[in-house]
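**Student:** Next up is a structure, given as structure tokens.
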Amino acid sequence: MYRKKVMVCEMERKHKNIKKGRGVALIVSIILVFCVLGTVVYSAAGKISSQMSQSAVDNLSESLELLEGTVQAILKKETEFQKLLAEEIANADDPGQFIQSYSMNRTMVKISVISSGKDKGISNTGEQYSAEELDFSAGYTVDGLPFSQSYMNDMGTWAYTIKCPIKKEGRETATLYIEYIFDSFDEALPERFYGDNAKYYMMDAKTERFVLKPKGLGERTAGHVNLEDFYRANNILEPAIHEEVSNCVQSAKDIMFYHDIQKNESLIFMWAVNEGALYLVGYVPITAIQKEGKAVNQNIFFVMFVTIVAFLICCGVYLLNHRQQEKNREERELEKERHNKQLKEALHAARIASSSKTMFLSNMSHDIRTPMNAILGFTTLLTKDADNPVKVREYTKKITASGQHLLGLINDVLDVSKIESGKVVLTVGEFALSNMVSSVDAIIRPMAKNKGQALEVIVTGIRNEHLIGDETRMNQILINLLSNAVKYTQEGGTIWLRIIGLEQRSKQYERIRIEVEDNGYGMTPEYLAVIFDPFTRAENSTTNKVQGTGLGMAITKNIVELMGGTIEVSSEVDRGSIFTIELELRIPDGRSDEEFWRENKSMRILAIDDEEEIRNNIRMLVKEAGIPIDTAISGEDAIRQIQAVHERGEAYDMILLDWKMPGMDGIEAARQIRPLLSRNIPILLLTAFDWEELEKDAELAGIDGFLAKPFFMSAFKEKILELQGEQAREETAAENDEGNSLEGCRFLVAEDNVINSEILLELLEIEGAVGDVVENGQLAVEHFCDSTPGSFDAILMDVQMPVMNGYEATREIRALDREDAKIIPIIAMTANAFAEDVKDARDAGMDAHIAKPIDMEIVKQTLKKYVKKEEAK
Amino acid sequence: MKPSMKCLFLILLAGMMIFAMNACGKAESPDTNLAGQEKLDKKVVNVFTPMEKSDPNAKNIARSAFEKTVIMAEDQLGVTVEYQTYTAADYQEKTYDEVLINRAHSNMDDLYLLNPDALLTLGEEGELADLSGLKCVKNLREAVKTANTVDGKLVGIPQEVVAYGLFVNKDMFDKYKLKLPNTPEELLACCETFKKKGIETPIGANRWWLECFVFAQGFADLYNGGNTDAEIEAINSGKVKLSDYMRPGFEFLQELIDREYIDAEKAYVSEALEGERQDFLAQKTPIVMAYWGAANTDTAYGSTDFNMRVIGFPSKRGQMPVVPITGYGVGEECAHKEDAMAVLDVMLSDKALKVYAEENKVISPSKNVEVDCVDALKPLNEKVNEGVYVLGSNANLAVEQWGNTCLIVRDLLKGASVDECMEKFDKLQEEKIKEQD
């Protein structure tokens, strides 16, 4: 088993490891895929960026070439025009007059001619012109014509002059100077360069002065004065760059390099124009150059991002779905397990039920067969020994006992059947606890006595002795519990019945706790768990011989719960058991007892008991009734108190004296007390024991009567009345008047069962009565109709009969138009023995109900009661 | 999966889809012609302004403020303002004013930023349009209108009233326990102390703004004596020699040069801020002179490591701000005169001037615009608010003062004597009187 467990654990661990390994592998795979994807995308982006960068450089070069071409073309056109003009001037008669015919425009702002060999000439404005300030020393030319260094002209704009020789007949006669302004390039060059992100200037190579600037004044786009200012403004301070630029400018090379401009990486360019006479200088931010590349990269990264997000969402959805499926699977598994468990439990319960029923049937078979066996066996013996009256009496006694036992079994089974079908109805009525206790005591005490057991009945804290409830069912509960206690307690054991008044929750209800305790065999925890289930019965070697249906406790519990109470049990094997019932029973409205006690309130009582609990209980009950009471803990104490009362000139009117006391017992105490009291002061002996045994000694000691323990005010009252002689006399007279015999009575018996009718007739005959038997209700009605009034003393009516049942027959008889039909006692004698049957019988007009099998004593008592009543009427 | 999770996923997926579709979708072409149409109906106004040499890490607030007003005009009028700029690379090149006058003569531009002398020159030549019809004129301070009215025409309106003052390193004054100077004598005393303390050149200067010393001393009484018009009339009529007003200042400058409190040679070849800025910021020079806006811009003295104060130039009447009224003018015969006038009207509206003044923290030419100045300028601002200042330019004075004095101060720097300088003033005055006659 252990090895199997270890293997299962090992397998689970392996399974977990495999799952964990798979998870790690999955994560690593995903990371790897992303790494590869990221690397590819990064490389692709880098490559694209590099390619785009190169393309941008190429593109910038092309743009600059275009600009250069434009500037070069303008210069070329200017020189071509100038050459043409020089030819025309050569052919003119008066060159000065000729050029004055040209007005200045926005390209050529000054046209001047200086004749060869002269320092000064004339301009088209008519002003004298000198070329002294012009600097052609750099040696730059355009289309072969000398190109001057840039200068600020009289118009306030940067200008340059190109000079062209005027030749006539192959001889240079003069020189044509035309001043052009750099602003004229502005109109030919593009307005925007890289979408306004790039700036370019035109620089005079020799002076490094910026002669054409972008048209802007923006904070940083403001024109720079010269190359030095350009360097400073753009933080291009590296000497190496300055030197490189200087070398390139000197050798008329183009330059392009990367540098940060205002924290943006930019491409700086210096592009030679006109063989390096002029330079296009400026910068383009990389972001502007690589706009497309950046956009492509952004798109790639965006697509990548979307892909990753989509992938992660898919993973998330998959995981959630997987988790959900797992959860559903687990739930299904759990549900399945629960169902299986429920099925198992149901199966187990069914098996137990089946087993219980089987066991019950087996038990019942045994339990029924045993008395049946006795009955049949003794019947056989009876037949055999019919001549021997002693044996006959013995057999009949045993047959009766077996029959009674059989009847008990049947009653229990029927009770359970009713309880299970929910048909039990409580018959609620007023009852006295004292009666209940005494009747139960009367039943149980002999049983206990037979087994040498002690039965102690203790009632404490009960404020209201009269309560409303189902006395029969209460009795049934107590008898069930107590008879079980007797059954399951060894000989010589002790059984306690405690009825304890608890604190009231409402003034209208008495809360009581009933404890039935024994120090018997006790029960196992396993049996305790099922003790209240039907068809269970404790069995062990000790109790195997105990018989029962196994229904008593189930019935008890159901009745208690029907009454709104609770029942609990605790038990230990060989230590005993205790059943605790808690009930709330209504307190009836006003009681006649109160009047009795009011009348006797002048009575003074002394109660002597060594047990404080009992003492207090008596004191409480008597005081609540308004009677003065003193208590003493012993005979000696009682004597002292009596003497003390006498010394004060007072006296007790009654002494309640416990019998069992340490030291001086009740008899002895009475003996010593009696001389102290006058003879008419009654001394009552309180005892839970059979008083008959003490009667003689008690009388000798001067005790006037016995009061059964536990102490009840109602019993006390009756005792007082008895002592006062009234009730006693009445009852004695009544008893003397009444006879137990049914001698001379005649009954109409409606009974369909021949055996039953025969038995009844036989029994009646024994009592000296006779009966006319009819087989059904209809015949009973007819027979009664046919009889003369007063022919029958009563009608004994079965209920379940063919043709007409007992109820209908009773209704018809009561409905007859004859005087005795209304008053003749009709007594139901039926196997329908439930409370509702009794009610139905009364509703039908019957006077009483006797359950079958017939107990002749009950029949006699009932008949006497009604027949006598009838006679009295 | 819980319904809420399902909803979340659906929303997420829908969002992703919309995002991706938007990101990947291409914009619909409005029509088949893909060429831009920006160049159609483009209205252009050319503006000619000076340009400071660039500093890579500096913020030029003045330029930002100017640009904001230009943008307002562009937005409001739908025109494009194109800039033409010039700054002499060195002293040998033509000055901004010279280039400006040449360009104005050739009608090269529409709108010009004019220094007082150029304004007077071009105004007198009739090269500038009359701006008195602009809506913004009614908001201008009277002093502005008076200073820029030539031959009855308002030829220039500034965006700020430029006040010149002495920028001093207060920490250095405190270090040597010197009081900020009120009079020429006090300044000399301070310079003497600085010199003794090893400061090689106590006053940093360039070839442009030294004339402020002259104006402060020469015109302190003229503009603050309560008899301005009569005195100007006397000068214009020749009753009083202009040189008499100028001499004290020149003599003072000569003394500063002689005592080597000013490096005349360096000043002569230095453009504005170029020669003295670095030394002042490096606390090698405790005193420089500059215009109001220089205290606000990083390209000048907007950010110093020391406690800077801007005070008036010393005079016998105490510290004296010098206020040359510059202005924007429109070429009388420029190509886009109407648009240029409209642009100027927007740029000089109260709304635009408020934006300009708030950005640049300057004195606004509009009487309706008041702006707090930086702490350093408070001493100067107090004087201006009190009405204690001298004008650096005044079109009512027949002899143009700002440009001429600047040139004559350069002669002084170059070695001319004070008398020779005064002769030039006398000559200018005489020529002017002759012209008037």
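In the structure tokens, chains take the letters A, B, ... in the order shown, each chain's residues start at 1, and ligands count up from 1 in the order shown.
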Identify, on the basis of only C-alpha atoms, every residue whose closest approach to Ser434 in chain A does not exceed 10 Å; exclude the query and any residue fewer than 6 positions from it along the same chain; express the result as a ChimeraX atom specification.

**Tutor:** /A:440,459,465-466,708-716

**Student:** Show me, as CSV, the residues of chain A having an atom within 9 Å of chain B, each with the closest atom pair and its distance in Å, using only C-alpha atoms.

**Tutor:**
residue,atom,partner,partner_atom,distance
A:Met152,CA,B:Lys94,CA,7.5
A:Asn153,CA,B:Asn102,CA,8.4
A:Asp154,CA,B:Asn102,CA,5.6
A:Met155,CA,B:Asn102,CA,4.6
A:Gly156,CA,B:Val99,CA,4.2
A:Thr157,CA,B:Arg103,CA,7.3
A:Arg209,CA,B:Ala89,CA,8.0
A:Lys213,CA,B:Gln84,CA,8.1
A:Pro214,CA,B:Gln84,CA,8.3
A:Lys215,CA,B:Tyr83,CA,5.0
A:Gly216,CA,B:Tyr83,CA,5.0
A:Leu217,CA,B:Tyr83,CA,5.8
A:Gly218,CA,B:Glu67,CA,7.2
A:Glu219,CA,B:Ser64,CA,6.5
A:Arg220,CA,B:Ser54,CA,7.8
A:Ala222,CA,B:Met51,CA,7.4
A:Gly223,CA,B:Thr85,CA,6.9
A:His224,CA,B:Lys53,CA,6.8
A:Val225,CA,B:Ala89,CA,6.1
A:Asn226,CA,B:Ala89,CA,7.3
A:Asp229,CA,B:Ser54,CA,6.5
A:Phe230,CA,B:Ser54,CA,7.8
A:Arg232,CA,B:Pro56,CA,6.6
A:Ala233,CA,B:Pro56,CA,4.3
A:Asn234,CA,B:Pro56,CA,5.6
A:Asn235,CA,B:Pro56,CA,6.1
A:Ile261,CA,B:Pro56,CA,8.9
A:Gln262,CA,B:Pro56,CA,7.4
A:Asn299,CA,B:Cys24,CA,8.0
A:Phe302,CA,B:Ala23,CA,8.5
A:Val303,CA,B:Ala20,CA,8.3
A:Val306,CA,B:Ala20,CA,7.4
A:Val309,CA,B:Met16,CA,8.7
A:Ala310,CA,B:Leu13,CA,8.3
A:Ile313,CA,B:Phe9,CA,8.1
A:Val317,CA,B:Phe9,CA,8.1
A:Leu320,CA,B:Met1,CA,6.6
A:Asn321,CA,B:Met1,CA,6.4
A:Arg323,CA,B:Met1,CA,8.3
A:Gln324,CA,B:Met1,CA,5.7
A:Gln325,CA,B:Met1,CA,8.7

**Student:** May I have the residues within 12 Å of range 753-766 of chain A as number ranges by chain, using only C-alpha atoms and disregarding those fewer than 2 positions away in the same chain?

**Tutor:** A: 741-751, 768-776, 796-802, 829-831, 852-857, 859-860, 863

**Student:** Residues of the last selection are to be written out with C-alpha atoms, as an mmCIF file, in the first residue's frame.

**Tutor:**
data_model
loop_
_atom_site.group_PDB
_atom_site.id
_atom_site.type_symbol
_atom_site.label_atom_id
_atom_site.label_comp_id
_atom_site.auth_asym_id
_atom_site.auth_seq_id
_atom_site.Cartn_x
_atom_site.Cartn_y
_atom_site.Cartn_z
ATOM 1 C CA SER A 741 -69.164 -6.969 38.579
ATOM 2 C CA LEU A 742 -71.133 -6.570 35.357
ATOM 3 C CA GLU A 743 -73.578 -9.002 36.762
ATOM 4 C CA GLY A 744 -76.915 -8.942 34.932
ATOM 5 C CA CYS A 745 -75.903 -6.594 32.191
ATOM 6 C CA ARG A 746 -76.868 -7.170 28.590
ATOM 7 C CA PHE A 747 -74.917 -5.810 25.682
ATOM 8 C CA LEU A 748 -75.407 -5.602 21.972
ATOM 9 C CA VAL A 749 -72.134 -6.703 20.401
ATOM 10 C CA ALA A 750 -71.420 -5.757 16.775
ATOM 11 C CA GLU A 751 -68.422 -7.799 15.692
ATOM 12 C CA GLY A 768 -71.984 -12.419 34.578
ATOM 13 C CA ALA A 769 -73.146 -10.456 31.607
ATOM 14 C CA VAL A 770 -74.629 -11.507 28.304
ATOM 15 C CA GLY A 771 -74.356 -10.207 24.810
ATOM 16 C CA ASP A 772 -76.288 -10.345 21.539
ATOM 17 C CA VAL A 773 -73.833 -10.593 18.658
ATOM 18 C CA VAL A 774 -74.487 -9.182 15.225
ATOM 19 C CA GLU A 775 -72.015 -9.367 12.269
ATOM 20 C CA ASN A 776 -72.180 -5.831 10.960
ATOM 21 C CA LEU A 796 -70.074 -2.717 22.029
ATOM 22 C CA MET A 797 -69.339 -1.686 18.453
ATOM 23 C CA ASP A 798 -66.522 -2.871 16.247
ATOM 24 C CA VAL A 799 -65.537 -0.223 13.657
ATOM 25 C CA GLN A 800 -64.356 -2.085 10.628
ATOM 26 C CA MET A 801 -67.243 -4.255 9.599
ATOM 27 C CA PRO A 802 -68.765 -5.277 6.291
ATOM 28 C CA MET A 829 -64.037 -1.904 20.450
ATOM 29 C CA THR A 830 -61.609 -1.732 17.616
ATOM 30 C CA ALA A 831 -58.110 -2.477 16.438
ATOM 31 C CA LYS A 852 -58.139 -4.301 20.757
ATOM 32 C CA PRO A 853 -56.874 -6.730 21.946
ATOM 33 C CA ILE A 854 -59.339 -6.528 24.685
ATOM 34 C CA ASP A 855 -58.170 -6.038 28.216
ATOM 35 C CA MET A 856 -61.043 -7.151 30.284
ATOM 36 C CA GLU A 857 -60.137 -4.882 33.143
ATOM 37 C CA VAL A 859 -63.619 -3.129 29.435
ATOM 38 C CA LYS A 860 -65.018 -3.576 32.857
ATOM 39 C CA LEU A 863 -68.547 -0.282 30.999
#

**Student:** Taking the DSSP assignment computed from this structure's backbone, write out as JSON, numbers by chain all residues of range 133-353 of chain B that belong to helix (DSSP H, G or I).

**Tutor:** {"B": [135, 136, 137, 138, 139, 142, 143, 144, 145, 146, 147, 170, 171, 172, 173, 174, 175, 184, 185, 186, 187, 188, 189, 190, 191, 192, 193, 194, 195, 196, 211, 212, 213, 214, 215, 216, 217, 218, 219, 220, 221, 222, 223, 224, 228, 229, 230, 231, 232, 233, 234, 235, 236, 237, 242, 243, 244, 245, 246, 247, 248, 249, 250, 251, 252, 253, 254, 255, 256, 257, 258, 264, 265, 266, 267, 268, 269, 277, 278, 279, 280, 281, 292, 293, 294, 295, 337, 338, 339, 340, 341, 342, 343, 344, 345, 346, 347, 350, 351, 352, 353]}

**Student:** Looking only at the backbone, which of the residues in range 101-348 of chain B does DSSP tag as strand (DSSP E), as a ChimeraX atom specification?

**Tutor:** /B:111-114,149-150,153-154,164-169,203-204,287-291,308-311,322-323,327-330

**Student:** List the neighbours of Leu407 in chain B out to 12 Å using only C-alpha atoms; skip same-chain residues closer than 6 positions along the sequence, and give me the result as a VMD selection string.

**Tutor:** chain B and resid 95 97 117 207 to 211 268 400 to 401 413 to 414 416 421 424 to 425

**Student:** Skipping near chain neighbours, those fewer than 6 positions away, what residues fall within 9 Å of Val70 in chain B using only C-alpha atoms, listed as an MDAnalysis selection string?

**Tutor:** chainID B and resid 81 343:344 346:347 352

**Student:** Any chance you can output those residues with C-alpha atoms as an mmCIF file, in the first residue's frame?

**Tutor:**
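Result went into again03.cif, see below:
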data_model
loop_
_atom_site.group_PDB
_atom_site.id
_atom_site.type_symbol
_atom_site.label_atom_id
_atom_site.label_comp_id
_atom_site.auth_asym_id
_atom_site.auth_seq_id
_atom_site.Cartn_x
_atom_site.Cartn_y
_atom_site.Cartn_z
ATOM 1 C CA VAL B 81 6.776 88.649 -44.339
ATOM 2 C CA VAL B 343 1.426 94.716 -41.561
ATOM 3 C CA LEU B 344 2.847 97.598 -39.560
ATOM 4 C CA VAL B 346 -1.073 95.045 -36.915
ATOM 5 C CA MET B 347 2.439 94.839 -35.500
ATOM 6 C CA ALA B 352 0.648 93.102 -30.636
#

**Student:** Which residues are near Val45 in chain B? Cut-off 8 Å, only C-alpha atoms, ignore same chain within fewer than 3 positions. Put them as a PyMOL selection string.

**Tutor:** chain B and resi 79-82+109-111+336+339-340

**Student:** At a cut-off of 12 Å, using only C-alpha atoms, what residues contact Lys839 in chain A? Leave out same-chain residues fewer than 5 positions from it and give the result as a PyMOL selection string.

**Tutor:** chain A and resi 425+427+807+828+832-834+844-849

**Student:** Take the residues from that selection and write them out as an mmCIF file, in the first residue's frame, keeping C-alpha atoms.

**Tutor:**
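The result, stored in again_10.cif:
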data_model
loop_
_atom_site.group_PDB
_atom_site.id
_atom_site.type_symbol
_atom_site.label_atom_id
_atom_site.label_comp_id
_atom_site.auth_asym_id
_atom_site.auth_seq_id
_atom_site.Cartn_x
_atom_site.Cartn_y
_atom_site.Cartn_z
ATOM 1 C CA VAL A 425 -51.021 14.236 15.944
ATOM 2 C CA THR A 427 -53.405 15.224 21.770
ATOM 3 C CA TYR A 807 -69.270 4.778 12.843
ATOM 4 C CA ALA A 828 -66.009 1.337 20.229
ATOM 5 C CA ASN A 832 -58.058 1.125 15.145
ATOM 6 C CA ALA A 833 -56.222 2.288 18.202
ATOM 7 C CA PHE A 834 -54.855 5.703 17.322
ATOM 8 C CA ALA A 844 -69.613 9.471 15.359
ATOM 9 C CA GLY A 845 -71.430 9.632 18.683
ATOM 10 C CA MET A 846 -69.708 6.873 20.582
ATOM 11 C CA ASP A 847 -69.128 7.332 24.273
ATOM 12 C CA ALA A 848 -65.830 5.542 24.676
ATOM 13 C CA HIS A 849 -63.102 3.760 22.803
#
